[in-house]
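**Student:** This is the content of coords_17.tsv (TSV, N, CA and C atoms):
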chain	number	residue	atom	x	y	z
A	1	MET	N	73.43	40.08	134.73
A	1	MET	CA	74.04	41.24	135.34
A	1	MET	C	74.33	42.27	134.26
A	2	SER	N	74.10	43.51	134.57
A	2	SER	CA	74.29	44.57	133.59
A	2	SER	C	75.77	44.92	133.39
A	3	ILE	N	76.02	45.58	132.30
A	3	ILE	CA	77.36	46.08	132.00
A	3	ILE	C	77.36	47.57	132.32
A	4	GLN	N	78.32	48.01	133.12
A	4	GLN	CA	78.47	49.42	133.46
A	4	GLN	C	79.65	49.98	132.68
A	5	ARG	N	79.45	51.13	132.05
A	5	ARG	CA	80.51	51.78	131.27
A	5	ARG	C	80.69	53.20	131.81
A	6	TYR	N	81.94	53.59	131.97
A	6	TYR	CA	82.25	54.91	132.51
A	6	TYR	C	83.17	55.66	131.55
A	7	GLU	N	82.92	56.96	131.46
A	7	GLU	CA	83.70	57.84	130.59
A	7	GLU	C	83.72	57.29	129.16
A	8	THR	N	82.51	56.97	128.68
A	8	THR	CA	82.35	56.39	127.36
A	8	THR	C	82.45	57.46	126.28
A	9	GLN	N	83.25	57.16	125.28
A	9	GLN	CA	83.41	58.01	124.12
A	9	GLN	C	83.00	57.18	122.90
A	10	ARG	N	83.19	57.72	121.74
A	10	ARG	CA	82.79	57.00	120.53
A	10	ARG	C	83.54	55.68	120.37
A	11	ARG	N	84.85	55.68	120.66
A	11	ARG	CA	85.67	54.49	120.41
A	11	ARG	C	85.89	53.61	121.62
A	12	LEU	N	85.73	54.15	122.82
A	12	LEU	CA	86.07	53.35	123.99
A	12	LEU	C	85.40	53.89	125.24
A	13	SER	N	85.35	53.04	126.24
A	13	SER	CA	85.00	53.44	127.60
A	13	SER	C	86.27	53.31	128.41
A	14	ARG	N	86.52	54.25	129.30
A	14	ARG	CA	87.75	54.15	130.12
A	14	ARG	C	87.66	52.99	131.09
A	15	ILE	N	86.45	52.72	131.58
A	15	ILE	CA	86.22	51.61	132.53
A	15	ILE	C	84.96	50.88	132.10
A	16	VAL	N	85.03	49.54	132.10
A	16	VAL	CA	83.85	48.70	131.89
A	16	VAL	C	83.83	47.69	133.05
A	17	ILE	N	82.66	47.55	133.68
A	17	ILE	CA	82.52	46.59	134.78
A	17	ILE	C	81.40	45.61	134.43
A	18	HIS	N	81.71	44.33	134.56
A	18	HIS	CA	80.74	43.27	134.30
A	18	HIS	C	81.07	42.09	135.19
A	19	ASN	N	80.06	41.53	135.86
A	19	ASN	CA	80.26	40.37	136.75
A	19	ASN	C	81.40	40.58	137.73
A	20	HIS	N	81.45	41.74	138.36
A	20	HIS	CA	82.46	42.07	139.38
A	20	HIS	C	83.88	42.08	138.83
A	21	THR	N	84.00	42.22	137.51
A	21	THR	CA	85.31	42.31	136.86
A	21	THR	C	85.42	43.67	136.19
A	22	ILE	N	86.57	44.31	136.38
A	22	ILE	CA	86.83	45.65	135.85
A	22	ILE	C	87.79	45.53	134.68
A	23	TYR	N	87.45	46.17	133.60
A	23	TYR	CA	88.31	46.23	132.41
A	23	TYR	C	88.67	47.69	132.18
A	24	LEU	N	89.96	47.99	132.17
A	24	LEU	CA	90.41	49.35	131.91
A	24	LEU	C	90.89	49.45	130.48
A	25	CYS	N	90.61	50.59	129.85
A	25	CYS	CA	91.17	50.81	128.52
A	25	CYS	C	92.68	51.00	128.67
A	26	GLY	N	93.39	50.93	127.58
A	26	GLY	CA	94.84	51.09	127.63
A	26	GLY	C	95.23	52.42	128.23
A	27	GLN	N	96.21	52.38	129.12
A	27	GLN	CA	96.69	53.59	129.78
A	27	GLN	C	98.11	53.88	129.33
A	28	VAL	N	98.38	55.15	129.08
A	28	VAL	CA	99.70	55.59	128.65
A	28	VAL	C	100.18	56.68	129.60
A	29	ALA	N	101.38	57.16	129.34
A	29	ALA	CA	102.02	58.16	130.20
A	29	ALA	C	101.32	59.52	130.14
A	30	SER	N	101.60	60.34	131.13
A	30	SER	CA	101.11	61.72	131.14
A	30	SER	C	102.01	62.64	130.32
A	31	ASP	N	103.30	62.30	130.23
A	31	ASP	CA	104.27	63.14	129.53
A	31	ASP	C	105.08	62.28	128.57
A	32	TYR	N	104.83	62.45	127.30
A	32	TYR	CA	105.52	61.65	126.28
A	32	TYR	C	106.96	62.07	126.07
A	33	ASN	N	107.37	63.20	126.64
A	33	ASN	CA	108.76	63.64	126.52
A	33	ASN	C	109.65	62.99	127.57
A	34	ALA	N	109.04	62.32	128.54
A	34	ALA	CA	109.79	61.68	129.63
A	34	ALA	C	110.39	60.35	129.16
A	35	GLY	N	111.33	59.85	129.93
A	35	GLY	CA	111.93	58.55	129.66
A	35	GLY	C	111.02	57.43	130.10
A	36	ILE	N	111.48	56.20	129.91
A	36	ILE	CA	110.64	55.04	130.19
A	36	ILE	C	110.25	54.93	131.66
A	37	ALA	N	111.13	55.25	132.58
A	37	ALA	CA	110.79	55.14	134.01
A	37	ALA	C	109.64	56.08	134.36
A	38	GLU	N	109.74	57.33	133.93
A	38	GLU	CA	108.70	58.31	134.24
A	38	GLU	C	107.41	57.99	133.48
A	39	GLN	N	107.51	57.56	132.24
A	39	GLN	CA	106.29	57.17	131.51
A	39	GLN	C	105.60	56.01	132.20
A	40	THR	N	106.37	55.04	132.67
A	40	THR	CA	105.78	53.90	133.37
A	40	THR	C	105.12	54.36	134.67
A	41	ARG	N	105.81	55.21	135.42
A	41	ARG	CA	105.28	55.68	136.71
A	41	ARG	C	103.95	56.41	136.52
A	42	THR	N	103.89	57.34	135.57
A	42	THR	CA	102.65	58.10	135.40
A	42	THR	C	101.54	57.25	134.79
A	43	MET	N	101.90	56.28	133.98
A	43	MET	CA	100.91	55.34	133.44
A	43	MET	C	100.28	54.55	134.59
A	44	LEU	N	101.10	54.08	135.52
A	44	LEU	CA	100.58	53.29	136.64
A	44	LEU	C	99.78	54.16	137.61
A	45	GLU	N	100.11	55.44	137.72
A	45	GLU	CA	99.30	56.35	138.53
A	45	GLU	C	97.89	56.44	137.95
A	46	LYS	N	97.78	56.47	136.64
A	46	LYS	CA	96.47	56.50	135.98
A	46	LYS	C	95.70	55.21	136.28
A	47	VAL	N	96.39	54.08	136.27
A	47	VAL	CA	95.75	52.80	136.60
A	47	VAL	C	95.21	52.87	138.03
A	48	ASP	N	96.02	53.35	138.97
A	48	ASP	CA	95.56	53.49	140.36
A	48	ASP	C	94.29	54.33	140.44
A	49	THR	N	94.27	55.46	139.76
A	49	THR	CA	93.12	56.36	139.78
A	49	THR	C	91.87	55.68	139.24
A	50	LEU	N	91.99	55.01	138.11
A	50	LEU	CA	90.83	54.34	137.51
A	50	LEU	C	90.36	53.18	138.37
A	51	LEU	N	91.29	52.42	138.94
A	51	LEU	CA	90.88	51.31	139.81
A	51	LEU	C	90.12	51.82	141.03
A	52	THR	N	90.59	52.89	141.63
A	52	THR	CA	89.89	53.48	142.78
A	52	THR	C	88.49	53.93	142.36
A	53	GLN	N	88.41	54.58	141.23
A	53	GLN	CA	87.11	55.04	140.70
A	53	GLN	C	86.16	53.86	140.49
A	54	ALA	N	86.69	52.71	140.11
A	54	ALA	CA	85.87	51.52	139.83
A	54	ALA	C	85.63	50.65	141.06
A	55	GLY	N	86.19	51.03	142.21
A	55	GLY	CA	85.97	50.26	143.42
A	55	GLY	C	86.97	49.14	143.61
A	56	SER	N	88.21	49.37	143.22
A	56	SER	CA	89.23	48.34	143.34
A	56	SER	C	90.58	48.99	143.65
A	57	ASP	N	91.63	48.20	143.57
A	57	ASP	CA	92.98	48.68	143.80
A	57	ASP	C	93.97	47.71	143.16
A	58	ARG	N	95.25	48.04	143.24
A	58	ARG	CA	96.26	47.22	142.56
A	58	ARG	C	96.39	45.81	143.14
A	59	GLU	N	95.96	45.59	144.37
A	59	GLU	CA	96.00	44.24	144.94
A	59	GLU	C	94.95	43.32	144.32
A	60	HIS	N	94.01	43.90	143.58
A	60	HIS	CA	92.95	43.10	142.96
A	60	HIS	C	93.10	42.98	141.45
A	61	ILE	N	94.27	43.36	140.92
A	61	ILE	CA	94.51	43.20	139.49
A	61	ILE	C	94.66	41.71	139.18
A	62	LEU	N	93.90	41.26	138.21
A	62	LEU	CA	93.95	39.86	137.79
A	62	LEU	C	94.96	39.64	136.67
A	63	SER	N	94.99	40.58	135.73
A	63	SER	CA	95.82	40.43	134.55
A	63	SER	C	96.27	41.79	134.05
A	64	ALA	N	97.49	41.84	133.54
A	64	ALA	CA	98.01	43.06	132.93
A	64	ALA	C	98.76	42.69	131.66
A	65	THR	N	98.52	43.45	130.61
A	65	THR	CA	99.28	43.30	129.37
A	65	THR	C	100.01	44.61	129.15
A	66	ILE	N	101.33	44.52	129.06
A	66	ILE	CA	102.17	45.70	128.88
A	66	ILE	C	102.73	45.69	127.47
A	67	TYR	N	102.61	46.83	126.82
A	67	TYR	CA	103.11	47.00	125.46
A	67	TYR	C	104.29	47.97	125.52
A	68	LEU	N	105.44	47.52	125.05
A	68	LEU	CA	106.64	48.35	125.03
A	68	LEU	C	107.00	48.69	123.59
A	69	LYS	N	107.42	49.91	123.38
A	69	LYS	CA	107.86	50.32	122.05
A	69	LYS	C	109.10	49.54	121.63
A	70	ASP	N	109.97	49.24	122.61
A	70	ASP	CA	111.22	48.55	122.34
A	70	ASP	C	111.56	47.66	123.54
A	71	MET	N	111.81	46.40	123.32
A	71	MET	CA	112.12	45.48	124.42
A	71	MET	C	113.42	45.84	125.13
A	72	ALA	N	114.23	46.72	124.55
A	72	ALA	CA	115.42	47.20	125.24
A	72	ALA	C	115.03	48.01	126.49
A	73	LEU	N	113.77	48.43	126.58
A	73	LEU	CA	113.28	49.20	127.72
A	73	LEU	C	112.72	48.30	128.83
A	74	PHE	N	112.72	47.00	128.60
A	74	PHE	CA	112.08	46.03	129.50
A	74	PHE	C	112.58	46.13	130.95
A	75	SER	N	113.88	46.13	131.16
A	75	SER	CA	114.39	46.12	132.54
A	75	SER	C	114.11	47.44	133.25
A	76	GLN	N	114.19	48.57	132.55
A	76	GLN	CA	113.89	49.86	133.18
A	76	GLN	C	112.41	49.96	133.53
A	77	MET	N	111.54	49.47	132.67
A	77	MET	CA	110.11	49.46	132.96
A	77	MET	C	109.84	48.57	134.16
A	78	ASN	N	110.49	47.40	134.20
A	78	ASN	CA	110.28	46.46	135.30
A	78	ASN	C	110.72	47.00	136.65
A	79	GLU	N	111.73	47.87	136.69
A	79	GLU	CA	112.15	48.47	137.96
A	79	GLU	C	110.99	49.25	138.57
A	80	VAL	N	110.28	50.01	137.75
A	80	VAL	CA	109.14	50.78	138.24
A	80	VAL	C	107.99	49.83	138.58
A	81	TRP	N	107.71	48.90	137.69
A	81	TRP	CA	106.62	47.92	137.91
A	81	TRP	C	106.83	47.15	139.21
A	82	ASP	N	108.04	46.64	139.43
A	82	ASP	CA	108.32	45.82	140.61
A	82	ASP	C	108.10	46.60	141.91
A	83	ASN	N	108.36	47.89	141.90
A	83	ASN	CA	108.12	48.72	143.09
A	83	ASN	C	106.65	49.08	143.26
A	84	TRP	N	105.87	48.98	142.19
A	84	TRP	CA	104.46	49.35	142.22
A	84	TRP	C	103.56	48.18	142.61
A	85	VAL	N	103.91	46.97	142.17
A	85	VAL	CA	103.06	45.80	142.45
A	85	VAL	C	103.22	45.40	143.92
A	86	PRO	N	102.10	45.26	144.63
A	86	PRO	CA	102.17	44.86	146.05
A	86	PRO	C	102.76	43.46	146.22
A	87	GLU	N	103.54	43.30	147.25
A	87	GLU	CA	104.14	42.01	147.57
A	87	GLU	C	103.05	40.95	147.67
A	88	GLY	N	103.23	39.85	146.95
A	88	GLY	CA	102.29	38.74	146.99
A	88	GLY	C	101.03	38.94	146.16
A	89	ALA	N	100.93	40.05	145.42
A	89	ALA	CA	99.72	40.31	144.65
A	89	ALA	C	100.02	40.53	143.16
A	90	ALA	N	101.09	39.92	142.68
A	90	ALA	CA	101.44	40.08	141.26
A	90	ALA	C	100.36	39.43	140.39
A	91	PRO	N	99.88	40.17	139.39
A	91	PRO	CA	98.86	39.61	138.50
A	91	PRO	C	99.48	38.70	137.45
A	92	ALA	N	98.64	37.98	136.74
A	92	ALA	CA	99.11	37.33	135.51
A	92	ALA	C	99.52	38.47	134.60
A	93	ARG	N	100.62	38.29	133.86
A	93	ARG	CA	101.12	39.42	133.08
A	93	ARG	C	101.76	38.94	131.79
A	94	ALA	N	101.60	39.74	130.75
A	94	ALA	CA	102.31	39.55	129.50
A	94	ALA	C	102.95	40.88	129.15
A	95	CYS	N	104.08	40.83	128.47
A	95	CYS	CA	104.75	42.04	128.02
A	95	CYS	C	105.24	41.78	126.60
A	96	VAL	N	104.83	42.64	125.69
A	96	VAL	CA	105.18	42.46	124.28
A	96	VAL	C	105.70	43.76	123.69
A	97	GLN	N	106.50	43.64	122.67
A	97	GLN	CA	106.92	44.81	121.91
A	97	GLN	C	105.82	45.11	120.90
A	98	ALA	N	105.49	46.40	120.78
A	98	ALA	CA	104.39	46.78	119.89
A	98	ALA	C	104.66	48.14	119.26
A	99	GLN	N	104.14	48.31	118.07
A	99	GLN	CA	104.16	49.63	117.46
A	99	GLN	C	103.10	50.46	118.17
A	100	MET	N	103.50	51.60	118.70
A	100	MET	CA	102.60	52.42	119.49
A	100	MET	C	101.77	53.34	118.60
A	101	ALA	N	100.57	53.67	119.04
A	101	ALA	CA	99.70	54.56	118.29
A	101	ALA	C	100.30	55.96	118.18
A	102	LEU	N	100.98	56.39	119.23
A	102	LEU	CA	101.69	57.67	119.23
A	102	LEU	C	103.18	57.40	119.24
A	103	GLU	N	103.91	57.99	118.34
A	103	GLU	CA	105.34	57.74	118.19
A	103	GLU	C	106.12	57.96	119.49
A	104	GLU	N	105.72	58.96	120.28
A	104	GLU	CA	106.45	59.31	121.50
A	104	GLU	C	106.16	58.37	122.67
A	105	ALA	N	105.09	57.61	122.59
A	105	ALA	CA	104.73	56.70	123.68
A	105	ALA	C	105.70	55.54	123.72
A	106	LEU	N	106.22	55.26	124.91
A	106	LEU	CA	107.16	54.16	125.09
A	106	LEU	C	106.51	52.93	125.71
A	107	VAL	N	105.37	53.13	126.40
A	107	VAL	CA	104.74	52.03	127.13
A	107	VAL	C	103.23	52.28	127.25
A	108	GLU	N	102.48	51.19	127.23
A	108	GLU	CA	101.03	51.23	127.44
A	108	GLU	C	100.65	49.97	128.19
A	109	ILE	N	99.59	50.05	128.99
A	109	ILE	CA	99.15	48.90	129.76
A	109	ILE	C	97.64	48.73	129.65
A	110	SER	N	97.20	47.49	129.61
A	110	SER	CA	95.80	47.12	129.65
A	110	SER	C	95.61	46.25	130.90
A	111	VAL	N	94.59	46.57	131.70
A	111	VAL	CA	94.42	45.92	133.00
A	111	VAL	C	93.01	45.35	133.16
A	112	ILE	N	92.95	44.17	133.76
A	112	ILE	CA	91.70	43.55	134.18
A	112	ILE	C	91.82	43.31	135.67
A	113	ALA	N	90.80	43.72	136.44
A	113	ALA	CA	90.85	43.60	137.90
A	113	ALA	C	89.51	43.15	138.44
A	114	ALA	N	89.53	42.66	139.66
A	114	ALA	CA	88.31	42.29	140.37
A	114	ALA	C	87.83	43.49	141.18
A	115	VAL	N	86.51	43.62	141.30
A	115	VAL	CA	85.95	44.63	142.18
A	115	VAL	C	86.28	44.20	143.61
A	116	LYS	N	86.69	45.16	144.41
A	116	LYS	CA	87.01	44.87	145.80
A	116	LYS	C	85.70	44.64	146.54
A	117	THR	N	85.60	43.52	147.25
A	117	THR	CA	84.39	43.22	148.00
A	117	THR	C	84.62	43.57	149.47
A	118	GLU	N	83.56	44.03	150.10
A	118	GLU	CA	83.63	44.36	151.52
A	118	GLU	C	83.64	43.08	152.34
A	119	ALA	N	84.51	43.03	153.32
A	119	ALA	CA	84.64	41.83	154.17
A	119	ALA	C	83.59	41.82	155.26
Output the file's structure in the form of structure tokens.

**Tutor:**
Amino acid sequence: MSIQRYETQRRLSRIVIHNHTIYLCGQVASDYNAGIAEQTRTMLEKVDTLLTQAGSDREHILSATIYLKDMALFSQMNEVWDNWVPEGAAPARACVQAQMALEEALVEISVIAAVKTEA
């Protein structure tokens, strides 16, 4: 099976699909001046957009890795996450503290999802 790459740049592709599995590049907030709740919300909106573009949705997320600038932000990030994840469709997830590539970024997510199949 071939590998499909979308929005490919020199360093990354925003979406890679292989064997009905979707890999999204790391997603960050739209506004780095916002607090953790807003950064998380806009980051997850980007995930929704890319999943739709790739033929999937948040109910088909298999795995998510969340990177937080500071674990003190964990509960505030989780408030947004818990309202975003569909009931009964929580993916496997890890959350770690990490030094961010951009100083203003508070959160980043990496997502792996299944392509939605027609019933």

**Student:** Just the residues within 6 Å of A:Lys116, please, counting only N, CA and C atoms, with nothing from its chain fewer than 6 positions along; format it as a ChimeraX atom specification.

**Tutor:** /A:55-57

**Student:** Could you tell me, as a VMD selection string, which residues of chain A DSSP assigns to helix (DSSP H, G or I) when given the backbone?

**Tutor:** chain A and resid 36 to 53 58 to 60 71 to 84

**Student:** Got a sec: who's within 12 Å of A:Thr49, counting only C-alpha atoms, leaving out chain neighbours fewer than 5 positions off, as a ChimeraX atom specification?

**Tutor:** /A:14-15,24,27,42-44,54-58

**Student:** For the selection just defined, write its residues with N, CA and C atoms to a file, as a PDB file, keeping the file's coordinate frame.

**Tutor:**
ATOM      1  N   ARG A  14      86.520  54.250 129.300  1.00  0.00           N
ATOM      2  CA  ARG A  14      87.750  54.150 130.120  1.00  0.00           C
ATOM      3  C   ARG A  14      87.660  52.990 131.090  1.00  0.00           C
ATOM      4  N   ILE A  15      86.450  52.720 131.580  1.00  0.00           N
ATOM      5  CA  ILE A  15      86.220  51.610 132.530  1.00  0.00           C
ATOM      6  C   ILE A  15      84.960  50.880 132.100  1.00  0.00           C
ATOM      7  N   LEU A  24      89.960  47.990 132.170  1.00  0.00           N
ATOM      8  CA  LEU A  24      90.410  49.350 131.910  1.00  0.00           C
ATOM      9  C   LEU A  24      90.890  49.450 130.480  1.00  0.00           C
ATOM     10  N   GLN A  27      96.210  52.380 129.120  1.00  0.00           N
ATOM     11  CA  GLN A  27      96.690  53.590 129.780  1.00  0.00           C
ATOM     12  C   GLN A  27      98.110  53.880 129.330  1.00  0.00           C
ATOM     13  N   THR A  42     103.890  57.340 135.570  1.00  0.00           N
ATOM     14  CA  THR A  42     102.650  58.100 135.400  1.00  0.00           C
ATOM     15  C   THR A  42     101.540  57.250 134.790  1.00  0.00           C
ATOM     16  N   MET A  43     101.900  56.280 133.980  1.00  0.00           N
ATOM     17  CA  MET A  43     100.910  55.340 133.440  1.00  0.00           C
ATOM     18  C   MET A  43     100.280  54.550 134.590  1.00  0.00           C
ATOM     19  N   LEU A  44     101.100  54.080 135.520  1.00  0.00           N
ATOM     20  CA  LEU A  44     100.580  53.290 136.640  1.00  0.00           C
ATOM     21  C   LEU A  44      99.780  54.160 137.610  1.00  0.00           C
ATOM     22  N   ALA A  54      86.690  52.710 140.110  1.00  0.00           N
ATOM     23  CA  ALA A  54      85.870  51.520 139.830  1.00  0.00           C
ATOM     24  C   ALA A  54      85.630  50.650 141.060  1.00  0.00           C
ATOM     25  N   GLY A  55      86.190  51.030 142.210  1.00  0.00           N
ATOM     26  CA  GLY A  55      85.970  50.260 143.420  1.00  0.00           C
ATOM     27  C   GLY A  55      86.970  49.140 143.610  1.00  0.00           C
ATOM     28  N   SER A  56      88.210  49.370 143.220  1.00  0.00           N
ATOM     29  CA  SER A  56      89.230  48.340 143.340  1.00  0.00           C
ATOM     30  C   SER A  56      90.580  48.990 143.650  1.00  0.00           C
ATOM     31  N   ASP A  57      91.630  48.200 143.570  1.00  0.00           N
ATOM     32  CA  ASP A  57      92.980  48.680 143.800  1.00  0.00           C
ATOM     33  C   ASP A  57      93.970  47.710 143.160  1.00  0.00           C
ATOM     34  N   ARG A  58      95.250  48.040 143.240  1.00  0.00           N
ATOM     35  CA  ARG A  58      96.260  47.220 142.560  1.00  0.00           C
ATOM     36  C   ARG A  58      96.390  45.810 143.140  1.00  0.00           C
TER      37      ARG A  58
END

**Student:** One decimal, in Å: what's the spacing between atom CA of A:Ser75 and atom C of A:Gln39?

**Tutor:** 13.2 Å

**Student:** Can you tell me how far atom C of A:Gly88 sits from atom CA of A:Met71, in Å to one decimal?

**Tutor:**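 According to the coordinates, atom C of A:Gly88 and atom CA of A:Met71 are separated by 25.3 Å.
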
**Student:** Considering only N, CA and C atoms, give me a table of residues in stretch 1-23 of chain A that are at most 5 Å from stretch 102-113 of chain A, with the closest atom pair and distance in Å for each, as a Markdown table.

**Tutor:**
| residue | atom | partner | partner_atom | distance |
| --- | --- | --- | --- | --- |
| A:Thr21 | CA | A:Ala113 | C | 4.6 |
| A:Ile22 | N | A:Ala113 | C | 3.8 |
| A:Tyr23 | CA | A:Ile112 | CA | 4.7 |

**Student:** Taking the DSSP secondary structure from the backbone, can you list the residues of chain A that are strand (DSSP E), as a count of residues only?

**Tutor:** 41

**Student:** Tell me which protein, DNA and RNA residues are within 10 Å of A:Glu38, counting only C-alpha atoms, leaving out same-chain ones fewer than 6 positions away, and put them as a PyMOL selection string.

**Tutor:** chain A and resi 29-32+44+76-77+80

**Student:** Between A:Ala72, A:Val96, A:Cys25, A:Pro91, single out the one closest to A:Glu59, counting only N, CA and C atoms.

**Tutor:** A:Pro91

**Student:** Report, in Å with one decimal, the straight-line distance from atom CA of A:Gln53 to atom CA of A:Ile17.

**Tutor:**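 About the pair atom CA of A:Gln53 and atom CA of A:Ile17: they are 11.3 Å apart.
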
**Student:** Take every atom of stretch 65-73 of chain A listed in the file, fit an axis-aligned box around them, add 8 Å per side, and give the centre and edge lengths in Å to one decimal as AutoDock Vina command-line options.

**Tutor:**
--center_x 107.0 --center_y 46.8 --center_z 126.1 --size_x 32.9 --size_y 23.0 --size_z 25.0

**Student:** Point out the residue among A:His20, A:Thr40, A:Leu50, A:Leu73 with the least atom-to-atom distance to A:Tyr6, counting only C-alpha atoms.

**Tutor:** A:Leu50

**Student:** Which one of A:Asn83, A:Val28, A:Gln9, A:Phe74 sits closest to A:Val47 if you count only N, CA and C atoms?

**Tutor:**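 Once distances to A:Val47 are computed over only N, CA and C atoms, the minimum belongs to A:Val28.
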
**Student:** When distances are computed from only N, CA and C atoms, which of A:Ile66, A:Ile61, A:Val85, A:Met100 shows the smallest separation from A:Ala114?

**Tutor:** A:Ile61
